[in-house]
file protein_31.txt (compact mmCIF, C-alpha atoms and all ligand atoms)
# COMPACT_ATOMS: atom_id res chain seq x y z
CA MET I 31 95.41 192.55 64.14
CA LEU I 32 98.03 189.86 64.67
CA ALA I 33 96.71 186.30 64.21
CA TYR I 34 98.58 183.04 64.69
CA THR I 35 97.71 181.08 61.57
CA TYR I 36 97.81 177.56 60.16
CA ILE I 37 99.79 178.03 56.93
CA GLU I 38 100.29 174.45 55.75
CA LYS I 39 101.15 171.04 57.19
CA GLY I 40 103.98 171.55 59.68
CA LYS I 41 103.74 175.32 59.72
CA PHE I 42 102.02 177.94 61.89
CA ALA I 43 103.00 181.60 61.56
CA SER I 44 101.80 185.04 62.64
CA ALA I 45 99.85 186.99 60.03
CA GLU I 46 98.14 190.35 59.86
CA LYS I 47 94.34 190.06 59.48
CA PRO I 48 91.44 192.50 59.64
CA LYS I 49 89.18 192.51 62.69
CA PRO I 50 86.32 190.03 62.11
CA GLU I 51 82.78 191.26 61.45
CA LEU I 52 79.34 189.82 62.16
CA ILE I 53 78.14 187.63 59.29
CA GLU I 54 75.03 185.86 60.65
CA PRO I 55 72.46 187.36 63.06
CA THR I 56 73.42 184.57 65.50
CA ASP I 57 77.10 185.64 65.58
CA ALA I 58 78.97 187.54 68.26
CA ILE I 59 82.34 189.26 68.11
CA VAL I 60 84.44 188.61 71.20
CA ARG I 61 87.59 190.48 72.21
CA VAL I 62 89.91 187.71 73.37
CA THR I 63 91.42 188.55 76.74
CA MET I 64 93.12 185.20 77.32
CA SER I 65 93.61 182.06 75.27
CA SER I 66 95.38 178.76 75.66
CA ILE I 67 97.05 176.10 73.54
CA CYS I 68 95.54 172.65 73.13
CA SER I 69 97.15 169.50 71.80
CA SER I 70 94.44 169.53 69.10
CA ASP I 71 96.19 172.63 67.70
CA LEU I 72 99.23 170.43 67.26
CA HIS I 73 97.12 167.74 65.57
CA ILE I 74 96.26 170.45 63.00
CA LYS I 75 99.90 171.40 62.63
CA HIS I 76 100.89 167.78 62.11
CA GLY I 77 98.28 167.34 59.40
CA SER I 78 96.10 164.84 61.31
CA VAL I 79 92.94 167.02 61.17
CA PRO I 80 91.91 166.80 57.49
CA ARG I 81 89.02 169.26 57.90
CA ALA I 82 91.36 171.99 59.19
CA VAL I 83 91.45 174.81 56.63
CA PRO I 84 94.85 176.34 55.77
CA GLY I 85 94.88 180.07 56.44
CA ILE I 86 92.64 179.94 59.54
CA THR I 87 93.67 181.49 62.83
CA VAL I 88 94.28 178.63 65.28
CA GLY I 89 93.18 178.48 68.91
CA HIS I 90 89.91 177.21 70.37
CA GLU I 91 90.41 177.70 74.11
CA MET I 92 89.70 181.28 75.08
CA VAL I 93 87.80 183.74 77.20
CA GLY I 94 86.99 187.34 76.39
CA VAL I 95 84.56 190.23 76.41
CA VAL I 96 81.59 190.46 74.05
CA GLU I 97 82.20 193.35 71.69
CA GLU I 98 79.25 193.12 69.31
CA ILE I 99 76.23 190.83 68.83
CA GLY I 100 73.97 189.89 65.93
CA ALA I 101 70.24 190.63 66.03
CA GLU I 102 69.30 187.12 67.21
CA VAL I 103 71.80 186.88 70.07
CA THR I 104 69.92 187.12 73.36
CA HIS I 105 72.02 185.05 75.77
CA VAL I 106 74.86 187.61 76.10
CA LYS I 107 75.29 191.34 75.52
CA PRO I 108 78.22 193.64 74.71
CA GLY I 109 80.47 194.11 77.71
CA ASP I 110 79.80 190.63 79.15
CA ARG I 111 82.84 188.58 80.11
CA VAL I 112 82.41 185.16 78.56
CA THR I 113 83.90 181.72 78.09
CA VAL I 114 83.91 180.43 74.52
CA ASN I 115 82.87 176.85 73.83
CA VAL I 116 85.13 174.77 71.58
CA GLU I 117 82.02 173.28 69.98
CA THR I 118 79.62 175.20 67.81
CA PHE I 119 76.09 173.83 68.17
CA CYS I 120 72.58 174.89 67.27
CA GLY I 121 70.67 173.84 70.40
CA GLU I 122 67.69 172.81 68.27
CA CYS I 123 68.45 169.57 66.41
CA PHE I 124 67.68 166.10 67.76
CA PHE I 125 71.19 165.60 69.18
CA CYS I 126 71.45 169.07 70.74
CA LYS I 127 68.06 168.65 72.42
CA ASN I 128 69.31 165.40 73.93
CA GLY I 129 72.53 166.93 75.22
CA CYS I 130 74.70 165.31 72.53
CA VAL I 131 75.95 168.61 71.15
CA ASN I 132 79.07 166.99 69.76
CA ASN I 133 76.80 165.42 67.15
CA CYS I 134 74.93 168.62 66.23
CA THR I 135 73.67 168.25 62.66
CA ASN I 136 73.90 171.97 61.84
CA PRO I 137 76.36 172.39 58.92
CA ASN I 138 78.29 174.89 61.04
CA GLY I 139 78.23 172.58 64.05
CA GLY I 140 81.10 170.72 65.70
CA TRP I 141 84.68 171.86 66.10
CA ALA I 142 84.75 174.94 63.87
CA LEU I 143 86.67 177.62 65.80
CA GLY I 144 90.39 177.45 65.14
CA CYS I 145 89.86 174.53 62.75
CA ARG I 146 87.43 175.39 59.94
CA ILE I 147 86.99 179.11 60.79
CA ASP I 148 89.27 181.67 62.46
CA GLY I 149 89.93 180.91 66.12
CA GLY I 150 91.19 182.72 69.17
CA GLN I 151 94.96 183.07 68.91
CA THR I 152 94.45 186.73 68.05
CA GLU I 153 92.66 189.81 69.39
CA TYR I 154 89.08 189.36 68.19
CA VAL I 155 87.10 186.29 67.18
CA ARG I 156 83.73 185.79 65.49
CA VAL I 157 81.74 183.17 67.41
CA PRO I 158 78.88 181.59 65.39
CA LEU I 159 75.69 180.41 67.14
CA ALA I 160 76.70 182.60 70.07
CA ASN I 161 73.60 181.86 72.15
CA GLN I 162 74.96 178.36 72.66
CA GLY I 163 78.71 179.01 72.31
CA LEU I 164 79.18 181.72 74.95
CA ASN I 165 78.66 181.58 78.71
CA ARG I 166 78.81 184.55 81.05
CA ILE I 167 81.63 184.49 83.61
CA PRO I 168 80.43 185.26 87.17
CA ASP I 169 81.76 188.62 88.45
CA SER I 170 83.75 187.09 91.29
CA VAL I 171 85.64 184.74 88.96
CA THR I 172 88.80 185.71 87.02
CA ASP I 173 89.56 185.03 83.36
CA GLU I 174 92.36 182.70 84.36
CA GLN I 175 90.02 180.63 86.55
CA THR I 176 87.76 180.01 83.55
CA LEU I 177 90.29 179.71 80.73
CA LEU I 178 89.84 175.95 80.38
CA VAL I 179 86.05 175.84 80.76
CA GLY I 180 85.21 175.64 77.05
CA ASP I 181 87.45 172.72 76.13
CA VAL I 182 89.63 170.57 78.39
CA LEU I 183 87.61 171.19 81.53
CA ALA I 184 84.37 170.59 79.60
CA THR I 185 85.92 167.31 78.49
CA GLY I 186 86.87 166.29 82.01
CA PHE I 187 83.42 167.19 83.34
CA TRP I 188 81.68 165.22 80.60
CA ALA I 189 83.99 162.23 81.08
CA ALA I 190 83.30 162.12 84.82
CA ARG I 191 79.56 162.50 84.21
CA ILE I 192 79.19 159.66 81.70
CA SER I 193 81.33 157.31 83.81
CA GLU I 194 78.52 156.96 86.39
CA ILE I 195 80.92 157.12 89.34
CA THR I 196 79.64 156.24 92.83
CA GLU I 197 81.18 156.71 96.28
CA ASP I 198 81.99 152.97 96.44
CA ASP I 199 84.17 153.04 93.35
CA ALA I 200 87.88 152.73 92.75
CA VAL I 201 88.45 154.97 89.74
CA LEU I 202 91.50 154.66 87.52
CA ILE I 203 92.46 157.64 85.36
CA ILE I 204 95.09 156.90 82.71
CA GLY I 205 97.03 160.03 81.74
CA ALA I 206 97.78 163.19 83.74
CA GLY I 207 98.16 165.71 80.96
CA PRO I 208 95.90 168.80 80.97
CA THR I 209 92.76 166.81 80.07
CA GLY I 210 93.69 164.03 82.49
CA ILE I 211 94.05 166.49 85.36
CA CYS I 212 90.79 168.25 84.44
CA THR I 213 89.17 164.80 84.43
CA LEU I 214 90.70 164.13 87.84
CA LEU I 215 89.25 167.39 89.24
CA CYS I 216 85.77 166.42 88.04
CA VAL I 217 86.09 162.81 89.24
CA MET I 218 87.04 164.19 92.68
CA LEU I 219 83.64 165.94 92.82
CA LYS I 220 82.00 162.48 92.73
CA LYS I 221 83.90 161.52 95.91
CA PRO I 222 84.78 157.95 94.91
CA LYS I 223 86.39 155.72 97.51
CA ARG I 224 89.74 155.76 95.74
CA ILE I 225 91.29 157.53 92.76
CA ILE I 226 94.34 156.09 91.04
CA VAL I 227 96.19 158.09 88.40
CA CYS I 228 98.50 156.29 86.00
CA GLU I 229 101.06 158.55 84.31
CA ASN I 230 104.31 157.91 82.52
CA SER I 231 106.00 161.25 83.15
CA GLU I 232 107.67 161.62 86.52
CA GLU I 233 107.27 165.41 86.31
CA ARG I 234 103.51 165.09 85.91
CA ARG I 235 103.23 162.44 88.63
CA ARG I 236 105.00 164.90 90.92
CA PHE I 237 102.54 167.63 89.92
CA VAL I 238 99.58 165.43 90.85
CA GLN I 239 101.19 164.37 94.12
CA GLU I 240 101.92 167.95 95.07
CA HIS I 241 98.44 169.34 94.30
CA TYR I 242 96.18 166.36 95.02
CA PRO I 243 97.90 164.40 97.80
CA ASP I 244 94.96 161.99 98.32
CA VAL I 245 95.31 160.55 94.82
CA LEU I 246 97.24 157.29 94.42
CA LEU I 247 99.86 157.32 91.68
CA THR I 248 101.27 154.59 89.50
CA THR I 249 103.19 154.10 86.24
CA PRO I 250 102.00 152.24 83.11
CA GLU I 251 104.42 149.38 83.90
CA GLU I 252 103.12 148.88 87.43
CA CYS I 253 99.53 149.91 86.81
CA LYS I 254 97.89 146.49 86.55
CA ASP I 255 99.35 145.13 89.80
CA PHE I 256 98.85 148.45 91.57
CA VAL I 257 95.16 148.59 90.64
CA LEU I 258 94.66 144.98 91.75
CA GLN I 259 96.17 145.81 95.14
CA ASN I 260 94.15 148.98 95.51
CA SER I 261 90.70 147.84 94.45
CA ASP I 262 88.15 145.62 96.15
CA HIS I 263 86.85 143.54 93.27
CA GLY I 264 89.81 142.55 91.14
CA GLY I 265 90.20 145.78 89.20
CA ALA I 266 89.01 149.34 88.87
CA ASP I 267 85.24 149.91 88.97
CA ARG I 268 85.61 152.81 86.54
CA VAL I 269 88.45 153.46 84.13
CA LEU I 270 88.87 156.76 82.30
CA GLU I 271 91.43 156.51 79.49
CA VAL I 272 92.74 160.02 78.80
CA ALA I 273 96.25 159.24 77.55
CA GLY I 274 95.70 157.95 74.03
CA VAL I 275 99.18 156.59 73.51
CA GLU I 276 100.37 153.13 72.52
CA ASP I 277 99.03 150.42 74.82
CA THR I 278 96.89 152.66 77.01
CA PHE I 279 93.66 151.35 75.48
CA ARG I 280 94.72 147.80 76.31
CA LEU I 281 95.79 148.92 79.79
CA ALA I 282 92.39 150.53 80.32
CA TRP I 283 90.31 147.39 79.80
CA GLU I 284 92.87 145.09 81.42
CA CYS I 285 92.75 147.15 84.64
CA ALA I 286 88.95 147.14 84.72
CA ARG I 287 87.08 144.69 86.95
CA PRO I 288 84.27 142.59 85.46
CA ASN I 289 81.20 144.72 84.64
CA ALA I 290 83.20 147.95 84.92
CA ILE I 291 82.63 151.05 82.82
CA VAL I 292 85.59 152.03 80.65
CA THR I 293 85.34 155.59 79.33
CA VAL I 294 87.63 156.36 76.42
CA VAL I 295 88.24 160.10 76.29
CA ALA I 296 91.53 159.81 74.41
CA LEU I 297 91.92 160.60 70.74
CA TYR I 298 94.21 158.00 69.15
CA ASP I 299 96.46 158.44 66.14
CA GLN I 300 96.07 154.74 65.30
CA PRO I 301 93.19 152.22 65.28
CA GLN I 302 92.96 150.19 68.48
CA VAL I 303 92.33 146.46 68.86
CA LEU I 304 89.28 145.22 70.74
CA PRO I 305 90.25 141.57 71.46
CA LEU I 306 86.77 140.30 72.27
CA PRO I 307 87.81 136.67 72.87
CA ASP I 308 90.26 137.82 75.56
CA MET I 309 87.68 139.97 77.30
CA TYR I 310 84.81 137.52 76.96
CA GLY I 311 82.97 137.16 80.25
CA LYS I 312 84.35 140.41 81.59
CA ASN I 313 81.11 142.09 80.49
CA LEU I 314 82.57 145.56 80.17
CA THR I 315 80.72 148.70 79.12
CA PHE I 316 82.72 151.01 76.86
CA LYS I 317 81.86 154.68 76.43
CA THR I 318 83.77 156.70 73.84
CA GLY I 319 84.58 160.41 73.15
CA GLY I 320 84.33 163.34 72.13
CA VAL I 321 83.03 165.81 74.52
CA ASP I 322 79.49 167.13 74.67
CA GLY I 323 80.43 170.60 75.89
CA CYS I 324 77.01 171.66 77.09
CA ASP I 325 77.61 171.85 80.85
CA CYS I 326 79.69 175.05 80.86
CA GLU I 327 77.13 176.94 82.92
CA GLU I 328 77.27 174.29 85.65
CA VAL I 329 81.08 174.19 85.49
CA LEU I 330 81.25 177.99 85.86
CA SER I 331 79.01 177.76 88.90
CA LEU I 332 81.28 175.09 90.44
CA ILE I 333 84.29 177.36 89.86
CA GLU I 334 82.43 180.23 91.50
CA GLN I 335 81.73 178.02 94.52
CA GLY I 336 85.41 177.08 94.74
CA LYS I 337 84.75 173.42 93.92
CA ILE I 338 86.89 173.32 90.76
CA ASP I 339 90.19 175.15 90.43
CA THR I 340 92.26 174.71 87.28
CA THR I 341 94.62 177.63 87.91
CA PRO I 342 97.52 175.41 89.05
CA LEU I 343 97.52 173.92 85.54
CA ILE I 344 98.45 177.25 84.00
CA THR I 345 102.20 177.07 84.29
CA HIS I 346 103.26 179.55 81.59
CA ARG I 347 102.11 182.98 80.38
CA PHE I 348 103.01 184.74 77.13
CA PRO I 349 101.88 187.85 75.24
CA LEU I 350 100.59 187.42 71.68
CA SER I 351 103.88 188.76 70.31
CA GLU I 352 105.64 185.68 71.76
CA ILE I 353 103.05 183.15 70.65
CA GLU I 354 105.53 181.17 68.56
CA GLU I 355 107.69 180.56 71.63
CA ALA I 356 104.59 179.57 73.60
CA TYR I 357 103.72 176.90 71.03
CA ARG I 358 107.33 175.68 70.96
CA ILE I 359 107.36 175.17 74.72
CA PHE I 360 103.94 173.49 74.74
CA GLU I 361 104.65 171.24 71.76
CA ASN I 362 107.97 170.04 73.14
CA LYS I 363 106.67 169.76 76.74
CA LEU I 364 109.57 171.94 77.94
CA ASP I 365 110.08 173.48 81.34
CA GLY I 366 107.34 171.46 83.12
CA VAL I 367 104.60 173.03 81.02
CA ILE I 368 101.03 171.86 81.53
CA LYS I 369 98.97 174.72 80.14
CA VAL I 370 99.93 178.02 78.57
CA ALA I 371 97.92 181.23 78.93
CA ARG I 372 98.27 183.78 76.17
CA ILE I 373 97.66 187.08 77.88
CA ILE I 374 97.19 190.63 76.78
CA SER I 375 100.25 192.61 77.65
CA CYS I 376 99.67 195.88 75.86
CA SER I 377 96.76 198.07 74.88
CA ILE I 378 94.35 196.77 72.27
CA PRO I 379 94.56 198.53 68.93
CA VAL I 380 91.19 199.78 67.70
CA PHE I 381 90.24 199.26 64.08
ZN ZN J 401 91.21 171.45 72.43
ZN ZN J 402 72.30 170.93 66.96
call {"tool": "encode", "arguments": {"input": "protein_31.txt", "output": "structure tokens"}}
result
Amino acid sequence: MLAYTYIEKGKFASAEKPKPELIEPTDAIVRVTMSSICSSDLHIKHGSVPRAVPGITVGHEMVGVVEEIGAEVTHVKPGDRVTVNVETFCGECFFCKNGCVNNCTNPNGGWALGCRIDGGQTEYVRVPLANQGLNRIPDSVTDEQTLLVGDVLATGFWAARISEITEDDAVLIIGAGPTGICTLLCVMLKKPKRIIVCENSEERRRFVQEHYPDVLLTTPEECKDFVLQNSDHGGADRVLEVAGVEDTFRLAWECARPNAIVTVVALYDQPQVLPLPDMYGKNLTFKTGGVDGCDCEEVLSLIEQGKIDTTPLITHRFPLSEIEEAYRIFENKLDGVIKVARIISCSIPVF
């Protein structure tokens, strides 16, 4: 089967690989029916994920159909349509039991798929610890509706949850990329008084305006003044920093009112400065990433009820044979791309 592979720093390429087989009794084999591209794939390509293993198939955002299960897999069965979680977690350790699955202490835990083991930019994928890593897709919901459940939407849902948003709050979201918009969708569920999105790209501001007309929009340059004018207590009550570029961390705490919660979802390339003397007396609470992707069941139910819809984010579709072009468009942010769906365009070869 064709697999899009991390060759070495700076290089992904298609390679021919055998269909994966069950290794552990907790594994499942999933036939990938749709997958997406995440900016973390590009972090691997650019060499900023040291634990990424050269030779692995990339891709960690996918949905599919369960093909085969190990003896200890009880949560799903062959034939089930499933979402695949970006995180591999055991469900039994101290952190898993407390919902902090990102910190699972299992040696196979954490971001493994498409990083340390073969991922989903291919036809079949082996999912370890499948009882935790797979969630059944409700019958009335399409693959495309659930494509982002296991990663960016899980991140947005988690970010909104830990930010403790109330209906009295003015919420500032910095960044309207795919994760920023997923965060916005989940913040909207909390019905805060006001939502302000700060985004540098005019194209993306237009996207937000078009799809979510109630959201207030600003630019990084105007953000501080704009938030002051549009909040009741001298700044945002909740700030969710999802951009992760130069100066957005500073912008996040500067736009927060005293005693606000600042949730840092972004993954930075560089260390950030926490100028405590400057923020003394502001009494901020900081919460930092990465995602605990253990709410997928709830997210799937919200999609089924029509309360979350990420389909407008999927702007481009490609077959596996054109995966290189799909990555080129996503990496260079060409043609208004937000999210790419890699679809199946021809019959699946059987091995
Ligand atoms: Zn990702
Ligand atoms: Zn665990």
call {"tool": "closest_residue", "arguments": {"input": "protein_31.txt", "among": "I:Ile204, I:Ala290, I:Cys326, I:Ile226", "to": "Val272 in chain I", "atoms": "all atoms listed in the file"}}
result
I:Ile204
call {"tool": "residues_around", "arguments": {"input": "protein_31.txt", "residues": "range 194-201 of chain I", "least_positions_apart": "5", "cutoff": "10 Å", "atoms": "all atoms listed in the file", "output": "VMD selection string"}}
result
chain I and resid 189 214 217 to 227 257 260 to 263 265 to 270 286 to 287 290 to 293
call {"tool": "write_last_selection", "arguments": {"input": "protein_31.txt", "atoms": "C-alpha atoms", "output": "tab-separated table (two decimals), in the coordinates of the input"}}
result
chain	number	residue	atom	x	y	z
I	189	ALA	CA	83.99	162.23	81.08
I	214	LEU	CA	90.70	164.13	87.84
I	217	VAL	CA	86.09	162.81	89.24
I	218	MET	CA	87.04	164.19	92.68
I	219	LEU	CA	83.64	165.94	92.82
I	220	LYS	CA	82.00	162.48	92.73
I	221	LYS	CA	83.90	161.52	95.91
I	222	PRO	CA	84.78	157.95	94.91
I	223	LYS	CA	86.39	155.72	97.51
I	224	ARG	CA	89.74	155.76	95.74
I	225	ILE	CA	91.29	157.53	92.76
I	226	ILE	CA	94.34	156.09	91.04
I	227	VAL	CA	96.19	158.09	88.40
I	257	VAL	CA	95.16	148.59	90.64
I	260	ASN	CA	94.15	148.98	95.51
I	261	SER	CA	90.70	147.84	94.45
I	262	ASP	CA	88.15	145.62	96.15
I	263	HIS	CA	86.85	143.54	93.27
I	265	GLY	CA	90.20	145.78	89.20
I	266	ALA	CA	89.01	149.34	88.87
I	267	ASP	CA	85.24	149.91	88.97
I	268	ARG	CA	85.61	152.81	86.54
I	269	VAL	CA	88.45	153.46	84.13
I	270	LEU	CA	88.87	156.76	82.30
I	286	ALA	CA	88.95	147.14	84.72
I	287	ARG	CA	87.08	144.69	86.95
I	290	ALA	CA	83.20	147.95	84.92
I	291	ILE	CA	82.63	151.05	82.82
I	292	VAL	CA	85.59	152.03	80.65
I	293	THR	CA	85.34	155.59	79.33
call {"tool": "atom_distance", "arguments": {"input": "protein_31.txt", "atom1": "CA of Arg347 in chain I", "atom2": "CA of Ala371 in chain I"}}
result
4.8 Å
call {"tool": "closest_atom_pairs", "arguments": {"input": "protein_31.txt", "of": "chain I", "to": "ligand ZN 402 (chain J)", "cutoff": "10 Å", "atoms": "all atoms listed in the file", "output": "JSON lines"}}
result
{"residue": "I:Thr118", "atom": "CA", "partner": "J:ZN402", "partner_atom": "ZN", "distance": 8.5}
{"residue": "I:Phe119", "atom": "CA", "partner": "J:ZN402", "partner_atom": "ZN", "distance": 4.9}
{"residue": "I:Cys120", "atom": "CA", "partner": "J:ZN402", "partner_atom": "ZN", "distance": 4.0}
{"residue": "I:Gly121", "atom": "CA", "partner": "J:ZN402", "partner_atom": "ZN", "distance": 4.8}
{"residue": "I:Glu122", "atom": "CA", "partner": "J:ZN402", "partner_atom": "ZN", "distance": 5.1}
{"residue": "I:Cys123", "atom": "CA", "partner": "J:ZN402", "partner_atom": "ZN", "distance": 4.1}
{"residue": "I:Phe124", "atom": "CA", "partner": "J:ZN402", "partner_atom": "ZN", "distance": 6.7}
{"residue": "I:Phe125", "atom": "CA", "partner": "J:ZN402", "partner_atom": "ZN", "distance": 5.9}
{"residue": "I:Cys126", "atom": "CA", "partner": "J:ZN402", "partner_atom": "ZN", "distance": 4.3}
{"residue": "I:Lys127", "atom": "CA", "partner": "J:ZN402", "partner_atom": "ZN", "distance": 7.3}
{"residue": "I:Asn128", "atom": "CA", "partner": "J:ZN402", "partner_atom": "ZN", "distance": 9.4}
{"residue": "I:Gly129", "atom": "CA", "partner": "J:ZN402", "partner_atom": "ZN", "distance": 9.2}
{"residue": "I:Cys130", "atom": "CA", "partner": "J:ZN402", "partner_atom": "ZN", "distance": 8.3}
{"residue": "I:Val131", "atom": "CA", "partner": "J:ZN402", "partner_atom": "ZN", "distance": 6.0}
{"residue": "I:Asn132", "atom": "CA", "partner": "J:ZN402", "partner_atom": "ZN", "distance": 8.3}
{"residue": "I:Asn133", "atom": "CA", "partner": "J:ZN402", "partner_atom": "ZN", "distance": 7.1}
{"residue": "I:Cys134", "atom": "CA", "partner": "J:ZN402", "partner_atom": "ZN", "distance": 3.6}
{"residue": "I:Thr135", "atom": "CA", "partner": "J:ZN402", "partner_atom": "ZN", "distance": 5.2}
{"residue": "I:Asn136", "atom": "CA", "partner": "J:ZN402", "partner_atom": "ZN", "distance": 5.5}
{"residue": "I:Pro137", "atom": "CA", "partner": "J:ZN402", "partner_atom": "ZN", "distance": 9.1}
{"residue": "I:Asn138", "atom": "CA", "partner": "J:ZN402", "partner_atom": "ZN", "distance": 9.3}
{"residue": "I:Gly139", "atom": "CA", "partner": "J:ZN402", "partner_atom": "ZN", "distance": 6.8}
{"residue": "I:Gly140", "atom": "CA", "partner": "J:ZN402", "partner_atom": "ZN", "distance": 8.9}
{"residue": "I:Gln162", "atom": "CA", "partner": "J:ZN402", "partner_atom": "ZN", "distance": 9.7}
call {"tool": "residues_near_ligand", "arguments": {"input": "protein_31.txt", "ligand": "ligand ZN 401 (chain J)", "cutoff": "10 Å", "atoms": "only C-alpha atoms and all ligand atoms", "output": "compact mmCIF listing (two decimals) with C-alpha atoms, in the frame of the given file"}}
result
# COMPACT_ATOMS: atom_id res chain seq x y z
CA SER I 66 95.38 178.76 75.66
CA ILE I 67 97.05 176.10 73.54
CA CYS I 68 95.54 172.65 73.13
CA SER I 69 97.15 169.50 71.80
CA SER I 70 94.44 169.53 69.10
CA ASP I 71 96.19 172.63 67.70
CA LEU I 72 99.23 170.43 67.26
CA HIS I 73 97.12 167.74 65.57
CA GLY I 89 93.18 178.48 68.91
CA HIS I 90 89.91 177.21 70.37
CA GLU I 91 90.41 177.70 74.11
CA VAL I 116 85.13 174.77 71.58
CA GLU I 117 82.02 173.28 69.98
CA TRP I 141 84.68 171.86 66.10
CA GLY I 144 90.39 177.45 65.14
CA LEU I 178 89.84 175.95 80.38
CA GLY I 180 85.21 175.64 77.05
CA ASP I 181 87.45 172.72 76.13
CA VAL I 182 89.63 170.57 78.39
CA LEU I 183 87.61 171.19 81.53
CA ALA I 184 84.37 170.59 79.60
CA THR I 185 85.92 167.31 78.49
CA THR I 209 92.76 166.81 80.07
call {"tool": "residues_around", "arguments": {"input": "protein_31.txt", "residues": "Glu352 in chain I", "least_positions_apart": "5", "cutoff": "12 Å", "atoms": "only C-alpha atoms", "output": "JSON, numbers by chain"}}
result
{"I": [32, 33, 34, 43, 44, 151, 152, 346, 347, 357, 358, 359, 370, 371, 372, 373, 374, 375]}
call {"tool": "closest_residue", "arguments": {"input": "protein_31.txt", "among": "I:Ile59, I:Met92, I:Ile53, I:Ile147", "to": "Gln175 in chain I", "atoms": "all atoms listed in the file"}}
result
I:Met92
call {"tool": "closest_residue", "arguments": {"input": "protein_31.txt", "among": "I:Val157, I:Ile192, I:Asp173, I:Cys228", "to": "Thr315 in chain I", "atoms": "all atoms listed in the file"}}
result
I:Ile192
call {"tool": "atom_distance", "arguments": {"input": "protein_31.txt", "atom1": "CA of Cys324 in chain I", "atom2": "CA of Ala160 in chain I"}}
result
13.0 Å
call {"tool": "closest_residue", "arguments": {"input": "protein_31.txt", "among": "I:Glu38, I:Glu51, I:Glu102, I:Glu46", "to": "Ala82 in chain I", "atoms": "only C-alpha atoms"}}
result
I:Glu38
call {"tool": "closest_residue", "arguments": {"input": "protein_31.txt", "among": "I:Gly319, I:Pro301, I:Gly205, I:Pro48", "to": "Cys253 in chain I", "atoms": "only C-alpha atoms"}}
result
I:Gly205
call {"tool": "axis_aligned_box", "arguments": {"input": "protein_31.txt", "around": "range 119-127 of chain I", "padding_each_side": "3 Å", "output": "JSON"}}
result
{"center_x": 71.9, "center_y": 170.2, "center_z": 69.4, "size_x": 14.4, "size_y": 15.3, "size_z": 12.0}
call {"tool": "atom_distance", "arguments": {"input": "protein_31.txt", "atom1": "CA of Asp325 in chain I", "atom2": "CA of Arg166 in chain I"}}
result
12.8 Å
call {"tool": "residues_around", "arguments": {"input": "protein_31.txt", "residues": "Lys107 in chain I", "least_positions_apart": "5", "cutoff": "12 Å", "atoms": "all atoms listed in the file", "output": "list in words"}}
result
Asp57, Ala58, Ile59, Val60, Val95, Val96, Glu97, Glu98, Ile99, Gly100, Ala101, Glu102, Val112, Ala160, Asn161, Leu164, Asn165 and Arg166 of chain I
call {"tool": "closest_residue", "arguments": {"input": "protein_31.txt", "among": "I:Lys75, I:Glu284, I:Gly323, I:Thr56", "to": "His105 in chain I", "atoms": "only C-alpha atoms"}}
result
I:Thr56
call {"tool": "build_atoms", "arguments": {"input": "protein_31.txt", "residues": "range 112-123 of chain I", "atoms": "N, CA and C atoms", "output": "mmCIF file, in the frame of the given file"}}
result
data_model
loop_
_atom_site.group_PDB
_atom_site.id
_atom_site.type_symbol
_atom_site.label_atom_id
_atom_site.label_comp_id
_atom_site.auth_asym_id
_atom_site.auth_seq_id
_atom_site.Cartn_x
_atom_site.Cartn_y
_atom_site.Cartn_z
ATOM 1 N N VAL I 112 82.957 186.468 78.942
ATOM 2 C CA VAL I 112 82.410 185.160 78.560
ATOM 3 C C VAL I 112 83.496 184.108 78.360
ATOM 4 N N THR I 113 83.090 182.851 78.561
ATOM 5 C CA THR I 113 83.900 181.720 78.090
ATOM 6 C C THR I 113 83.386 181.361 76.704
ATOM 7 N N VAL I 114 84.272 180.822 75.882
ATOM 8 C CA VAL I 114 83.910 180.430 74.520
ATOM 9 C C VAL I 114 83.995 178.911 74.426
ATOM 10 N N ASN I 115 82.918 178.312 73.947
ATOM 11 C CA ASN I 115 82.870 176.850 73.830
ATOM 12 C C ASN I 115 83.621 176.382 72.587
ATOM 13 N N VAL I 116 84.405 175.323 72.738
ATOM 14 C CA VAL I 116 85.130 174.770 71.580
ATOM 15 C C VAL I 116 84.158 174.269 70.514
ATOM 16 N N GLU I 117 82.982 173.823 70.937
ATOM 17 C CA GLU I 117 82.020 173.280 69.980
ATOM 18 C C GLU I 117 80.999 174.338 69.590
ATOM 19 N N THR I 118 80.684 174.356 68.313
ATOM 20 C CA THR I 118 79.620 175.200 67.810
ATOM 21 C C THR I 118 78.393 174.303 67.664
ATOM 22 N N PHE I 119 77.270 174.692 68.270
ATOM 23 C CA PHE I 119 76.090 173.830 68.170
ATOM 24 C C PHE I 119 74.810 174.653 68.182
ATOM 25 N N CYS I 120 73.771 174.098 67.558
ATOM 26 C CA CYS I 120 72.580 174.890 67.270
ATOM 27 C C CYS I 120 71.586 174.930 68.435
ATOM 28 N N GLY I 121 71.613 173.889 69.286
ATOM 29 C CA GLY I 121 70.670 173.840 70.400
ATOM 30 C C GLY I 121 69.269 173.390 70.020
ATOM 31 N N GLU I 122 69.048 173.109 68.732
ATOM 32 C CA GLU I 122 67.690 172.810 68.270
ATOM 33 C C GLU I 122 67.516 171.451 67.625
ATOM 34 N N CYS I 123 68.587 170.854 67.122
ATOM 35 C CA CYS I 123 68.450 169.570 66.410
ATOM 36 C C CYS I 123 68.230 168.434 67.410
#
